[in-house]
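A.B. asks: Let me give you the structure first, and then I'll get to my questions.
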Amino acid sequence: MEQRGQTAARVILHLDMNCFFASVEQAHNPELKGLALAVAGNPKARRGILVTCSYEARAFGVYTTMTVGEAKRLCPELVLVPPDGEKYREASRAVFAILRTYTDLVEPVSIDEAYIDITDIGGLTDAVGIAEDMQQRILRELDLPCSIGIAPNKFLAKTASDMKKPMGITILRKRELAEKLWPLPVLDMHGVGKSSAVKLEDVHIRTIGELAAADDYTVKQALGKRGVRLKERAKGNDHRPVDPEAAEDRKSVGSSTTLPVDETELDACIAVFGQLAAKVENRLGTKNLAGTSLSIQIRTAAWRNQTRSTTLLNPIYRKEDIFRDSARLFRQHWDGEPIRLLGITVSNVIPVEEIHEQLSFDTFERHSKEVEMERLVSHMNEQFGEGTIQKGSSS
């Protein structure tokens, strides 16, 4: 189906499954319904990390990424189950299959959320009715709850879906931004993390409304080109179409180069990674993407090809982060052979504005190790003085 033009009126849904992994477990085992439930990386270990938890558990103050021990102290009756990736993937496929019975314009964003363009199937006149039908079908056929945001573009639809959970349906119109969105702290805006919020505060931007009203120069000073995009989002402008093929198109972004001579000097190779990192940053920026996997390609003068990869806890898109991790990988794995070609690829990519701290079953083990290390570093610094111990990067 042909995509609608950027200027045409659109009606976009953002569907977000509620406590997805926990809800899937409750659907498979109805005895778990109504209980304070958490999916945990290692339910038997007090240091295991919670992947997600039910709303009943959240009522006790339990939250995702909390350790099992901490969660149990807050909620002694918390029921813990181990994650089951295939079960969640199967449920996700079933959800998307239902959505595609309405329209082909379904863009999966992650295992438990999607954008749907319903403009051409009656969205301009009956958006709420279509959203309610989707929500009830998913509940009736799969026994899974979801929330849906309705808006004229992706950013506002995603914002709206967060406004009422569980089982909410929320409309967010551009004319309501001054009342509903602009008074909120800028940290509450999708696409703005803690680091970005601090940088914006440094230029006296503390609310979403202040970001919307800021001049381009100020936000660009704080966050680069991405700042201007975020400002447009804050104003309610987002021209991205719902693209069913986006997930395939944005699997990876990379750059490689054949060296003019077979290189044997470490510093010269590292300099090449600096140039490649800048190109990858530019290509990610053009597509507005960030990724959680980084790999380097090494081809020797003898045409021996090697690939070395690292998986990252937080998505990267800046050249300094791309350079740091690729140079580290090269130093760890280069055996001194003359180099003919070098390359960098960032994969498992997502839109930059959709970066958030939601934990998936693919990342909970890494997060568990990260949390444990952060606590150890903090404890050591408390004992021996700030800065005594610093955490290095891991492969």
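The way I read the labels, and the way they are meant: chains A, B, ... in the order of the structure tokens, residue 1 as the first residue of every chain, and ligand 1 as the first ligand shown, with later ones counted on from there.
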Give me, as number ranges by chain, the residues of segment 108-342 of chain A that a backbone DSSP run labels strand (DSSP E).

C.D. replies: A: 108-110, 113-117, 146-151, 169-171, 252-263, 289-300, 305-316, 339-342

A.B. asks: Considering only C-alpha atoms, give me a table of residues in segment 10-83 of chain A that are at most 8 Å from segment 107-119 of chain A, with the closest atom pair and distance in Å for each, as JSON lines.

C.D. replies:
```
{"residue": "A:Arg10", "atom": "CA", "partner": "A:Thr119", "partner_atom": "CA", "distance": 5.4}
{"residue": "A:Val11", "atom": "CA", "partner": "A:Thr119", "partner_atom": "CA", "distance": 5.0}
{"residue": "A:Ile12", "atom": "CA", "partner": "A:Asp117", "partner_atom": "CA", "distance": 4.6}
{"residue": "A:Leu13", "atom": "CA", "partner": "A:Ile116", "partner_atom": "CA", "distance": 5.0}
{"residue": "A:His14", "atom": "CA", "partner": "A:Tyr115", "partner_atom": "CA", "distance": 4.6}
{"residue": "A:Leu15", "atom": "CA", "partner": "A:Ala114", "partner_atom": "CA", "distance": 5.3}
{"residue": "A:Asp16", "atom": "CA", "partner": "A:Glu113", "partner_atom": "CA", "distance": 4.5}
{"residue": "A:Met17", "atom": "CA", "partner": "A:Asp112", "partner_atom": "CA", "distance": 5.3}
{"residue": "A:Phe20", "atom": "CA", "partner": "A:Asp112", "partner_atom": "CA", "distance": 6.6}
```

A.B. asks: To one decimal place in Å, what is the distance between atom CA of Pro244 of chain A and atom CA of Arg100 of chain A?

C.D. replies: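 Between atom CA of Pro244 of chain A and atom CA of Arg100 of chain A the gap works out to 10.1 Å.
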
A.B. asks: Would you please work out which residue, of A:Gly191, A:Gly85, A:Gly336, A:Gly61, is nearest to Ile350 of chain A when using only C-alpha atoms?

C.D. replies: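 Distance minimum relative to Ile350 of chain A lands on A:Gly191.
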
A.B. asks: Could you write out, as number ranges by chain, all the residues of segment 182-385 of chain A that DSSP marks as helix (DSSP H, G or I)?

C.D. replies: A: 186-188, 194-202, 208-213, 216-223, 225-234, 246-249, 266-287, 319-333, 352-354, 364-384

A.B. asks: Between atom CA of Asn18 of chain A and atom CA of Ala71 of chain A, what is the spacing in Å?

C.D. replies: 19.7 Å

A.B. asks: Near Gln275 of chain A, within 10 Å and counting only C-alpha atoms, which residues show up once chain neighbours fewer than 2 positions away are dropped, as a PyMOL selection string?

C.D. replies: chain A and resi 255-257+270-273+277-280+319+323

A.B. asks: Convert the current residue selection to file output with C-alpha atoms, as an mmCIF file, in the first residue's frame.

C.D. replies:
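So the final result, stored in out.cif, reads:
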```
data_model
loop_
_atom_site.group_PDB
_atom_site.id
_atom_site.type_symbol
_atom_site.label_atom_id
_atom_site.label_comp_id
_atom_site.auth_asym_id
_atom_site.auth_seq_id
_atom_site.Cartn_x
_atom_site.Cartn_y
_atom_site.Cartn_z
ATOM 1 C CA SER A 255 30.926 1.655 7.121
ATOM 2 C CA SER A 256 34.158 0.031 5.974
ATOM 3 C CA THR A 257 37.246 1.071 4.058
ATOM 4 C CA ILE A 270 42.945 3.237 15.510
ATOM 5 C CA ALA A 271 42.867 6.485 13.512
ATOM 6 C CA VAL A 272 40.928 4.678 10.770
ATOM 7 C CA PHE A 273 38.337 3.599 13.335
ATOM 8 C CA ALA A 277 32.969 6.060 13.593
ATOM 9 C CA ALA A 278 32.246 9.548 12.230
ATOM 10 C CA LYS A 279 30.731 8.034 9.062
ATOM 11 C CA VAL A 280 28.599 5.576 11.043
ATOM 12 C CA LYS A 319 30.860 8.841 17.169
ATOM 13 C CA PHE A 323 34.904 4.857 18.304
#
```

A.B. asks: Mind checking which residues fall within 12 Å of Lys225 of chain A, counting only C-alpha atoms, ignoring those fewer than 3 positions away in the same chain, and posting them as an mmCIF file with C-alpha atoms, in the first residue's frame?

C.D. replies:
```cif
data_model
loop_
_atom_site.group_PDB
_atom_site.id
_atom_site.type_symbol
_atom_site.label_atom_id
_atom_site.label_comp_id
_atom_site.auth_asym_id
_atom_site.auth_seq_id
_atom_site.Cartn_x
_atom_site.Cartn_y
_atom_site.Cartn_z
ATOM 1 C CA ASP A 216 17.143 26.068 17.220
ATOM 2 C CA TYR A 217 20.569 27.408 18.109
ATOM 3 C CA THR A 218 20.079 26.750 21.826
ATOM 4 C CA VAL A 219 18.854 23.178 21.484
ATOM 5 C CA LYS A 220 21.474 22.405 18.858
ATOM 6 C CA GLN A 221 24.132 23.693 21.241
ATOM 7 C CA ALA A 222 22.876 21.295 23.909
ATOM 8 C CA VAL A 228 16.226 20.204 16.820
ATOM 9 C CA ARG A 229 14.317 16.990 16.094
ATOM 10 C CA LEU A 230 13.260 16.761 19.741
ATOM 11 C CA LYS A 231 12.124 20.378 19.681
ATOM 12 C CA GLU A 232 9.898 19.598 16.686
ATOM 13 C CA GLU A 281 27.387 8.394 13.315
ATOM 14 C CA ASN A 282 26.377 10.385 10.224
ATOM 15 C CA LEU A 284 22.746 6.647 11.966
ATOM 16 C CA GLY A 285 21.866 10.340 12.295
ATOM 17 C CA THR A 286 20.400 10.443 8.789
ATOM 18 C CA ASN A 288 17.667 8.786 13.326
ATOM 19 C CA ARG A 318 27.470 9.161 18.886
ATOM 20 C CA VAL A 352 16.755 7.395 18.740
#
```

A.B. asks: Enumerate, in order of chain and increasing residue number, the residues of segment 227-346 of chain A with an atom no farther than 8 Å from segment 148-171 of chain A, each with its shortest atom pair and distance in Å to one decimal, counting only C-alpha atoms, as JSON lines.

C.D. replies:
```
{"residue": "A:Arg233", "atom": "CA", "partner": "A:Phe155", "partner_atom": "CA", "distance": 6.6}
{"residue": "A:Gly236", "atom": "CA", "partner": "A:Leu156", "partner_atom": "CA", "distance": 6.7}
{"residue": "A:Asn237", "atom": "CA", "partner": "A:Asn153", "partner_atom": "CA", "distance": 7.6}
{"residue": "A:Asp238", "atom": "CA", "partner": "A:Asn153", "partner_atom": "CA", "distance": 5.8}
{"residue": "A:His239", "atom": "CA", "partner": "A:Asn153", "partner_atom": "CA", "distance": 6.9}
{"residue": "A:Arg240", "atom": "CA", "partner": "A:Lys154", "partner_atom": "CA", "distance": 7.0}
{"residue": "A:Pro241", "atom": "CA", "partner": "A:Lys154", "partner_atom": "CA", "distance": 7.9}
{"residue": "A:Val242", "atom": "CA", "partner": "A:Lys154", "partner_atom": "CA", "distance": 7.8}
```
